[in-house]
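Reproduced below: run_23.txt, with compact mmCIF, C-alpha atoms.
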# COMPACT_ATOMS: atom_id res chain seq x y z
CA MET A 1 124.15 2.82 -23.10
CA ARG A 2 121.26 3.47 -25.41
CA SER A 3 119.35 0.36 -26.23
CA ALA A 4 117.91 -0.22 -29.63
CA ARG A 5 114.41 -0.05 -28.15
CA HIS A 6 115.11 3.29 -26.55
CA ALA A 7 116.42 4.64 -29.80
CA ARG A 8 113.28 3.58 -31.57
CA LEU A 9 110.95 5.10 -28.98
CA SER A 10 112.69 8.41 -29.03
CA GLY A 11 112.05 8.93 -32.67
CA ALA A 12 115.41 7.84 -34.04
CA PRO A 13 115.45 7.04 -37.73
CA ARG A 14 114.67 3.54 -38.65
CA ASN A 15 117.51 1.22 -39.03
CA SER A 16 117.98 -2.37 -39.77
CA ILE A 17 117.25 -3.37 -36.16
CA GLY A 18 113.93 -1.65 -35.56
CA GLN A 19 112.03 -1.68 -38.75
CA GLY A 20 108.65 -0.05 -39.07
CA PHE A 21 108.15 1.31 -35.57
CA GLY A 22 108.51 5.07 -35.30
CA LEU A 23 106.90 6.99 -32.48
CA ASN A 24 107.37 10.70 -33.06
CA LEU A 25 107.23 12.32 -29.64
CA THR A 26 108.28 15.77 -30.76
CA PRO A 27 104.78 17.35 -31.06
CA MET A 28 103.78 15.94 -27.68
CA ILE A 29 106.87 17.35 -26.04
CA ASP A 30 106.19 20.70 -27.70
CA VAL A 31 102.71 20.79 -26.27
CA VAL A 32 103.85 19.70 -22.82
CA PHE A 33 106.44 22.46 -22.73
CA GLN A 34 103.85 25.02 -23.79
CA LEU A 35 101.59 23.88 -20.97
CA LEU A 36 104.49 24.02 -18.54
CA ILE A 37 105.36 27.59 -19.57
CA TYR A 38 101.71 28.59 -19.29
CA PHE A 39 101.34 27.25 -15.76
CA LEU A 40 104.63 28.80 -14.66
CA LEU A 41 103.53 32.20 -15.91
CA GLY A 42 100.08 31.78 -14.38
CA ALA A 43 101.55 30.83 -11.02
CA SER A 44 103.86 33.84 -10.96
CA LEU A 45 100.98 36.23 -11.70
CA ALA A 46 99.00 35.15 -8.67
CA GLN A 47 102.04 34.90 -6.45
CA GLY A 48 101.75 35.47 -2.77
CA GLU A 49 98.19 36.78 -2.38
CA GLU A 50 96.92 35.83 1.05
CA MET A 51 93.92 36.66 3.21
CA TYR A 52 93.00 37.92 6.64
CA ARG A 53 89.60 36.84 7.83
CA LEU A 54 87.46 39.79 8.94
CA ASP A 55 83.93 39.18 10.20
CA LEU A 56 82.18 42.48 9.93
CA PRO A 57 79.60 43.25 12.59
CA GLU A 58 76.24 42.02 11.41
CA ARG A 59 73.58 44.65 11.12
CA GLU A 60 70.30 43.22 12.35
CA HIS A 61 67.32 43.93 10.23
CA PRO A 62 64.11 44.56 12.21
CA ARG A 63 62.53 41.53 10.55
CA VAL A 64 65.52 39.24 11.00
CA ARG A 65 66.60 38.91 14.57
CA THR A 66 69.63 36.71 14.72
CA GLY A 67 71.02 37.59 18.09
CA MET A 68 74.43 37.30 16.47
CA SER A 69 75.26 40.97 16.15
CA LEU A 70 78.47 42.10 17.68
CA THR A 71 77.51 43.49 21.01
CA LEU A 72 80.30 45.04 22.93
CA GLU A 73 79.71 43.76 26.39
CA GLU A 74 83.25 44.80 27.22
CA ALA A 75 84.87 48.13 26.62
CA PRO A 76 86.83 47.58 23.42
CA LEU A 77 90.48 48.29 23.00
CA THR A 78 90.68 51.03 20.39
CA ILE A 79 93.86 51.49 18.40
CA ARG A 80 94.03 54.71 16.44
CA VAL A 81 96.26 55.02 13.40
CA SER A 82 97.26 58.22 11.68
CA SER A 83 99.56 58.28 8.68
CA GLN A 84 102.30 60.89 8.70
CA GLY A 85 103.78 60.15 5.30
CA ALA A 86 103.88 57.76 2.39
CA GLU A 87 106.83 55.77 3.67
CA ARG A 88 106.57 52.53 5.56
CA ASP A 89 106.29 52.91 9.36
CA THR A 90 105.51 56.62 9.07
CA TYR A 91 102.41 56.57 11.21
CA ILE A 92 101.35 57.28 14.75
CA ILE A 93 99.63 54.65 16.86
CA SER A 94 97.73 55.36 20.03
CA VAL A 95 96.04 52.80 22.24
CA GLU A 96 92.91 53.60 24.20
CA GLY A 97 91.17 51.20 26.48
CA PRO A 98 91.65 48.84 29.38
CA VAL A 99 95.40 48.42 29.09
CA SER A 100 97.72 49.14 31.93
CA GLY A 101 99.50 52.40 31.27
CA ALA A 102 97.03 54.73 29.63
CA ALA A 103 97.78 57.01 26.68
CA LEU A 104 100.17 54.51 25.20
CA GLN A 105 101.80 55.35 21.91
CA PRO A 106 103.91 52.50 20.56
CA SER A 107 106.07 53.82 17.77
CA THR A 108 105.94 50.81 15.45
CA ALA A 109 103.66 47.87 14.74
CA ALA A 110 106.22 45.58 16.40
CA ASP A 111 106.07 47.67 19.58
CA LEU A 112 102.29 47.53 19.45
CA GLU A 113 102.38 43.75 19.14
CA ALA A 114 104.71 43.50 22.15
CA LEU A 115 102.48 45.80 24.17
CA LEU A 116 99.35 43.81 23.33
CA ARG A 117 101.04 40.49 24.05
CA SER A 118 101.98 41.75 27.49
CA ALA A 119 98.36 42.85 28.08
CA VAL A 120 96.92 39.39 27.40
CA LEU A 121 96.52 37.15 30.40
CA SER A 122 98.71 34.09 29.91
CA SER A 123 101.25 31.98 31.72
CA ASP A 124 103.96 34.35 30.50
CA HIS A 125 101.98 37.41 31.57
CA PRO A 126 99.99 36.52 34.68
CA ASP A 127 99.27 40.18 35.34
CA GLY A 128 97.61 40.66 31.91
CA THR A 129 94.14 42.15 32.07
CA LEU A 130 92.69 41.08 28.70
CA THR A 131 91.66 37.81 27.12
CA ARG A 132 92.16 36.87 23.50
CA ARG A 133 88.40 37.29 23.01
CA HIS A 134 88.51 40.92 24.05
CA PRO A 135 87.18 43.12 21.21
CA VAL A 136 89.79 45.24 19.48
CA LEU A 137 88.90 48.03 17.09
CA VAL A 138 91.41 49.45 14.65
CA ALA A 139 90.46 53.06 13.96
CA PRO A 140 92.46 54.63 11.12
CA SER A 141 91.97 58.30 10.45
CA SER A 142 90.30 59.17 7.17
CA ASN A 143 93.57 60.02 5.42
CA SER A 144 95.50 57.01 6.72
CA ARG A 145 97.11 54.84 4.10
CA TRP A 146 95.58 51.39 3.83
CA GLU A 147 98.97 49.70 4.25
CA HIS A 148 99.42 51.40 7.61
CA ALA A 149 95.97 50.25 8.74
CA VAL A 150 96.79 46.70 7.63
CA ASP A 151 100.15 46.85 9.45
CA VAL A 152 98.35 47.62 12.69
CA PHE A 153 95.66 45.02 11.99
CA ASN A 154 98.40 42.43 11.45
CA ALA A 155 100.10 43.39 14.73
CA VAL A 156 96.83 42.91 16.63
CA VAL A 157 96.20 39.54 14.99
CA ARG A 158 99.77 38.48 15.69
CA ALA A 159 99.30 39.41 19.33
CA GLY A 160 96.61 36.73 19.45
CA PHE A 161 93.37 38.71 19.51
CA GLU A 162 90.47 36.98 17.83
CA ARG A 163 87.84 39.71 17.60
CA VAL A 164 89.42 42.46 15.56
CA ASN A 165 87.51 44.91 13.44
CA PHE A 166 87.79 48.27 11.76
CA LEU A 167 86.05 51.41 12.87
CA PRO A 168 84.84 53.89 10.28
CA PRO A 169 87.04 56.92 9.72
CA VAL A 170 87.15 59.38 12.55
CA GLN A 171 86.03 62.33 10.46
CA THR A 172 82.96 60.72 8.87
CA GLY A 173 79.48 60.87 10.29
CA PRO A 174 77.79 58.37 12.52
CA GLU A 175 75.82 56.94 9.58
CA LEU A 176 78.85 54.84 8.65
CA SER A 177 79.27 53.52 12.12
CA GLU A 178 78.15 49.99 12.85
CA VAL A 179 79.96 49.80 16.16
CA GLU A 180 80.50 52.81 18.32
CA PRO A 181 83.72 53.06 20.28
CA MET B 182 108.44 -23.43 -53.93
CA PRO B 183 109.54 -20.09 -52.55
CA ARG B 184 107.76 -18.82 -49.41
CA LEU B 185 105.98 -15.51 -49.65
CA ARG B 186 107.24 -13.12 -47.00
CA ARG B 187 105.03 -10.35 -45.72
CA ALA B 188 106.49 -6.94 -45.31
CA PRO B 189 106.76 -5.98 -41.62
CA ALA B 190 103.72 -4.08 -40.38
CA ALA B 191 104.34 -0.42 -39.65
CA ILE B 192 103.14 0.34 -36.15
CA GLU B 193 102.68 4.03 -35.62
CA ALA B 194 101.00 5.90 -32.80
CA ASN B 195 98.65 8.57 -34.06
CA LEU B 196 99.38 11.56 -31.90
CA THR B 197 97.10 13.96 -33.74
CA PRO B 198 94.10 13.58 -31.36
CA LEU B 199 96.42 14.04 -28.39
CA ILE B 200 97.75 17.27 -29.81
CA ASP B 201 94.24 18.42 -30.65
CA MET B 202 93.13 17.80 -27.09
CA SER B 203 96.20 19.54 -25.69
CA PHE B 204 95.54 22.66 -27.70
CA LEU B 205 91.91 22.65 -26.67
CA LEU B 206 93.02 22.47 -23.04
CA VAL B 207 95.45 25.33 -23.58
CA VAL B 208 92.72 27.49 -25.11
CA PHE B 209 90.35 26.59 -22.27
CA PHE B 210 92.83 27.51 -19.55
CA VAL B 211 93.82 30.74 -21.27
CA LEU B 212 90.19 31.81 -21.49
CA VAL B 213 89.49 30.85 -17.87
CA SER B 214 92.57 32.70 -16.66
CA ARG B 215 91.50 35.82 -18.54
CA ILE B 216 88.08 35.70 -16.91
CA THR B 217 89.61 35.18 -13.47
CA SER B 218 92.38 37.74 -13.78
CA SER B 219 90.01 40.41 -15.04
CA GLU B 220 88.47 40.41 -11.54
CA LEU B 221 91.86 41.19 -10.04
CA ALA B 222 92.65 44.80 -10.78
CA PRO B 223 96.38 45.49 -10.98
CA MET B 224 97.48 47.22 -7.80
CA ASN B 225 100.12 47.27 -5.09
CA LEU B 226 98.63 45.29 -2.25
CA PRO B 227 99.76 45.88 1.34
CA ALA B 228 102.69 43.71 2.41
CA PRO B 229 102.79 43.69 6.22
CA ASN B 230 105.80 42.35 8.10
CA ASP B 231 105.48 38.69 9.08
CA PRO B 232 101.82 38.50 8.07
CA LEU B 233 99.62 36.05 9.91
CA SER B 234 97.46 35.67 6.85
CA SER B 235 96.48 32.40 5.21
CA GLU B 236 96.07 30.96 1.76
CA PRO B 237 92.70 31.49 0.09
CA GLY B 238 90.21 28.64 0.36
CA ASP B 239 87.67 27.28 -2.06
CA GLU B 240 84.63 29.09 -0.72
CA PRO B 241 82.43 31.04 -3.11
CA ARG B 242 83.67 34.59 -3.19
CA ALA B 243 83.29 37.94 -4.86
CA VAL B 244 86.27 40.21 -5.45
CA LEU B 245 85.93 43.87 -4.54
CA ASN B 246 88.84 46.07 -5.61
CA VAL B 247 89.45 49.54 -4.18
CA LEU B 248 91.64 51.39 -6.64
CA ALA B 249 94.05 54.18 -5.84
CA ARG B 250 93.16 56.01 -9.05
CA GLY B 251 90.06 55.40 -11.10
CA ASP B 252 88.74 56.87 -14.33
CA ASP B 253 86.01 59.45 -13.72
CA GLY B 254 85.92 58.65 -10.03
CA ASP B 255 85.33 54.93 -10.54
CA ILE B 256 87.33 53.55 -7.64
CA TYR B 257 85.40 50.38 -6.77
CA GLN B 258 85.46 47.31 -8.98
CA LEU B 259 83.22 44.40 -8.08
CA GLY B 260 83.90 41.52 -10.43
CA ASN B 261 84.15 43.30 -13.75
CA THR B 262 81.80 46.17 -12.89
CA MET B 263 83.07 49.61 -11.91
CA PHE B 264 81.38 51.83 -9.33
CA ASN B 265 81.88 55.48 -8.57
CA GLY B 266 83.20 56.63 -5.22
CA ASP B 267 80.32 59.02 -4.55
CA GLU B 268 77.18 58.23 -2.56
CA ASP B 269 75.29 57.00 -5.63
CA GLY B 270 78.14 54.71 -6.57
CA VAL B 271 78.35 53.23 -3.08
CA GLN B 272 74.58 52.72 -3.11
CA LEU B 273 74.80 50.86 -6.42
CA LEU B 274 77.65 48.80 -5.00
CA ARG B 275 75.51 47.92 -2.00
CA GLU B 276 72.63 46.83 -4.24
CA ARG B 277 74.93 44.71 -6.38
CA LEU B 278 76.41 43.07 -3.29
CA ALA B 279 72.91 42.41 -1.95
CA ALA B 280 72.02 40.66 -5.21
CA LEU B 281 75.14 38.52 -4.95
CA TYR B 282 74.39 37.68 -1.31
CA ARG B 283 70.85 36.67 -2.24
CA ALA B 284 72.23 34.29 -4.85
CA THR B 285 74.99 32.95 -2.58
CA PRO B 286 74.37 33.65 1.11
CA THR B 287 77.64 32.00 2.16
CA MET B 288 79.68 34.24 -0.11
CA LEU B 289 82.95 35.75 1.06
CA VAL B 290 84.07 39.13 -0.20
CA ASN B 291 87.76 39.42 -0.99
CA LEU B 292 88.64 43.03 -0.39
CA ARG B 293 91.66 44.11 -2.43
CA ALA B 294 92.72 47.66 -1.73
CA ASP B 295 95.82 49.41 -2.97
CA ARG B 296 98.33 50.09 -0.22
CA ALA B 297 98.25 53.82 -1.02
CA VAL B 298 94.47 54.12 -0.81
CA GLN B 299 93.24 56.32 2.01
CA TYR B 300 91.04 54.67 4.57
CA GLU B 301 88.14 57.00 3.79
CA ARG B 302 87.82 55.07 0.50
CA VAL B 303 87.97 51.64 2.10
CA ALA B 304 85.42 52.34 4.83
CA PRO B 305 82.49 52.90 2.40
CA ALA B 306 83.32 49.56 0.78
CA LEU B 307 83.14 47.85 4.19
CA ARG B 308 79.87 49.64 4.87
CA ALA B 309 78.44 48.57 1.50
CA ILE B 310 79.32 44.95 2.30
CA THR B 311 77.64 45.13 5.70
CA LEU B 312 74.51 46.78 4.34
CA GLY B 313 74.36 44.56 1.26
CA ALA B 314 74.38 41.50 3.51
CA ALA B 315 71.70 43.07 5.70
CA ASP B 316 69.51 43.79 2.64
CA ALA B 317 69.86 40.21 1.43
CA SER B 318 69.20 38.94 4.93
CA ALA B 319 65.93 40.87 5.00
CA ALA B 320 64.95 39.64 1.54
CA LEU B 321 65.63 36.01 2.38
CA ASN B 322 64.47 36.32 5.99
CA ALA B 323 67.60 34.54 7.13
CA PRO B 324 70.80 35.72 8.74
CA ILE B 325 73.64 36.41 6.34
CA PRO B 326 76.95 37.24 8.01
CA PRO B 327 79.05 39.75 6.08
CA ARG B 328 82.34 37.93 5.88
CA VAL B 329 85.32 39.67 4.39
CA GLN B 330 88.82 38.55 3.52
CA LEU B 331 91.41 41.31 3.47
CA VAL B 332 93.85 40.54 0.69
CA VAL B 333 97.53 41.23 1.29
CA ILE B 334 100.65 40.04 -0.43
CA ARG B 335 103.42 38.12 1.23
CA ASP B 336 106.68 39.81 0.47
CA PRO B 337 108.86 37.12 -1.18
CA LEU B 338 111.94 38.65 0.48
CA GLN B 339 110.57 38.03 3.96
Step by step, read the file and then write its structure as structure tokens.
Amino acid sequence: MRSARHARLSGAPRNSIGQGFGLNLTPMIDVVFQLLIYFLLGASLAQGEEMYRLDLPEREHPRVRTGMSLTLEEAPLTIRVSSQGAERDTYIISVEGPVSGAALQPSTAADLEALLRSAVLSSDHPDGTLTRRHPVLVAPSSNSRWEHAVDVFNAVVRAGFERVNFLPPVQTGPELSEVEP
Amino acid sequence: MPRLRRAPAAIEANLTPLIDMSFLLVVFFVLVSRITSSELAPMNLPAPNDPLSSEPGDEPRAVLNVLARGDDGDIYQLGNTMFNGDEDGVQLLRERLAALYRATPTMLVNLRADRAVQYERVAPALRAITLGAADASAALNAPIPPRVQLVVIRDPLQ
């Protein structure tokens, strides 16, 4: 039941009960709805963008010795990617490095993740030979699509590896290379 | 003697300043959003399956876009500035990044690359970031780690 007070506050016309008190909320509601629409549109434009952290190897300048450059004290696990088409999952993966079963070629990113999980020493895989701190280098070929490279990067991160980086394209010169395989 | 009766006082809330302020806020946010969105070039970002990515934080960052197609070979966009994909363009990109690193040594670089871009276009951008940080590190005589955030999009259907 609408009370007389409620009727007055909502901008109802004056009557004999509530004389002289009219609070017109219409402009305020208009503005609030405009703000609401604005924020809804703004939120949908920036929808879903997320980040992967990637610490590039630091290049030491002769005058600035940090001792923090990525030094590969262990032979890195190198995962080569080569796109075979524009469709999703149309790429070839090959794994090179200290993983049991050399010349491995998982057919999808999910297979790669399973392979890497089995290679990490854990309670589930006591015969694993790698730790999560083992360096992993994703090496796409020069014509590989970026989405395929990111698919493989995601599989490596999902497998639990913490030191993942990209190698420069295979066909470019050594000047690009910060970390040699 | 008849009593004089006052007319009831009309109490009205003046909403005009509130509306003025609201419109000012709307204009402010629209302008800010235009400035922010102009850094984000429209593109199809990679959408990996079950991504282990995270939400962006509040750290100071620069946005480097790698476009699939650019006018006159301009394929890199840092902030609102375009750079060519040739050696000179990458060198200019490196110098610009070095200037940004000198101003903000803790800066992150959000790397947005179109999913169809070939890796040979992304690698020079990564190199420019590394070398730009090294240049700034030498200028400031302090270590500056080149920290990158690869931007992907979470598929809403996943």
Study note, to complete from the structure: chain B proximity check over A:Glu50, A:Asp30, A:Glu113, A:Asp124, using all atoms listed in the file: winner is A:Glu50
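Taking only C-alpha atoms into account, Ala304 (chain B) lies nearest to B:Val247 out of the set B:Ala280, B:Ala317, B:Val247, B:Ile334.
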Practice item. Select all residues from chain B having any atom no more than 7 Å from an atom of chain A (counting only C-alpha atoms, ignoring ligands), output as a PyMOL selection string. Key: chain B and resi 189-194+200+203+207+227+229+232-237+296-301+304+308+311+315+319+322-324+326-335
Please save C-alpha atoms of the selected residues as a CSV table (one decimal), in the coordinates of the input.
chain,number,residue,atom,x,y,z
B,189,PRO,CA,106.8,-6.0,-41.6
B,190,ALA,CA,103.7,-4.1,-40.4
B,191,ALA,CA,104.3,-0.4,-39.6
B,192,ILE,CA,103.1,0.3,-36.2
B,193,GLU,CA,102.7,4.0,-35.6
B,194,ALA,CA,101.0,5.9,-32.8
B,200,ILE,CA,97.8,17.3,-29.8
B,203,SER,CA,96.2,19.5,-25.7
B,207,VAL,CA,95.4,25.3,-23.6
B,227,PRO,CA,99.8,45.9,1.3
B,229,PRO,CA,102.8,43.7,6.2
B,232,PRO,CA,101.8,38.5,8.1
B,233,LEU,CA,99.6,36.0,9.9
B,234,SER,CA,97.5,35.7,6.8
B,235,SER,CA,96.5,32.4,5.2
B,236,GLU,CA,96.1,31.0,1.8
B,237,PRO,CA,92.7,31.5,0.1
B,296,ARG,CA,98.3,50.1,-0.2
B,297,ALA,CA,98.2,53.8,-1.0
B,298,VAL,CA,94.5,54.1,-0.8
B,299,GLN,CA,93.2,56.3,2.0
B,300,TYR,CA,91.0,54.7,4.6
B,301,GLU,CA,88.1,57.0,3.8
B,304,ALA,CA,85.4,52.3,4.8
B,308,ARG,CA,79.9,49.6,4.9
B,311,THR,CA,77.6,45.1,5.7
B,315,ALA,CA,71.7,43.1,5.7
B,319,ALA,CA,65.9,40.9,5.0
B,322,ASN,CA,64.5,36.3,6.0
B,323,ALA,CA,67.6,34.5,7.1
B,324,PRO,CA,70.8,35.7,8.7
B,326,PRO,CA,77.0,37.2,8.0
B,327,PRO,CA,79.0,39.8,6.1
B,328,ARG,CA,82.3,37.9,5.9
B,329,VAL,CA,85.3,39.7,4.4
B,330,GLN,CA,88.8,38.6,3.5
B,331,LEU,CA,91.4,41.3,3.5
B,332,VAL,CA,93.8,40.5,0.7
B,333,VAL,CA,97.5,41.2,1.3
B,334,ILE,CA,100.6,40.0,-0.4
B,335,ARG,CA,103.4,38.1,1.2
Exercise for review: Can you work out the spacing between CA of Leu226 (chain B) and CA of Ala249 (chain B) in Å, to one decimal?
Suggested key: 10.6 Å
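In this model, the gap between CA of Arg133 (chain A) and CA of Val164 (chain A) comes to 9.1 Å.
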Point to revise | Contacts of Leu115 (chain A) within 12 Å, only C-alpha atoms, excl. fewer than 5 positions in-chain, as a PyMOL selection string | key: chain A and resi 79+93-95+99-102+104-110+120+125+128+130+155-156+158-160
Check your understanding: So which residues touch Arg163 (chain A) within 8 Å, counting only C-alpha atoms, skipping near sequence neighbours fewer than 3 positions away, as a PyMOL selection string?
Key -> chain A and resi 132-136
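Atom pair CA of Asn165 (chain A) / CA of Arg242 (chain B) has a distance of 19.9 Å (rounded to one decimal).
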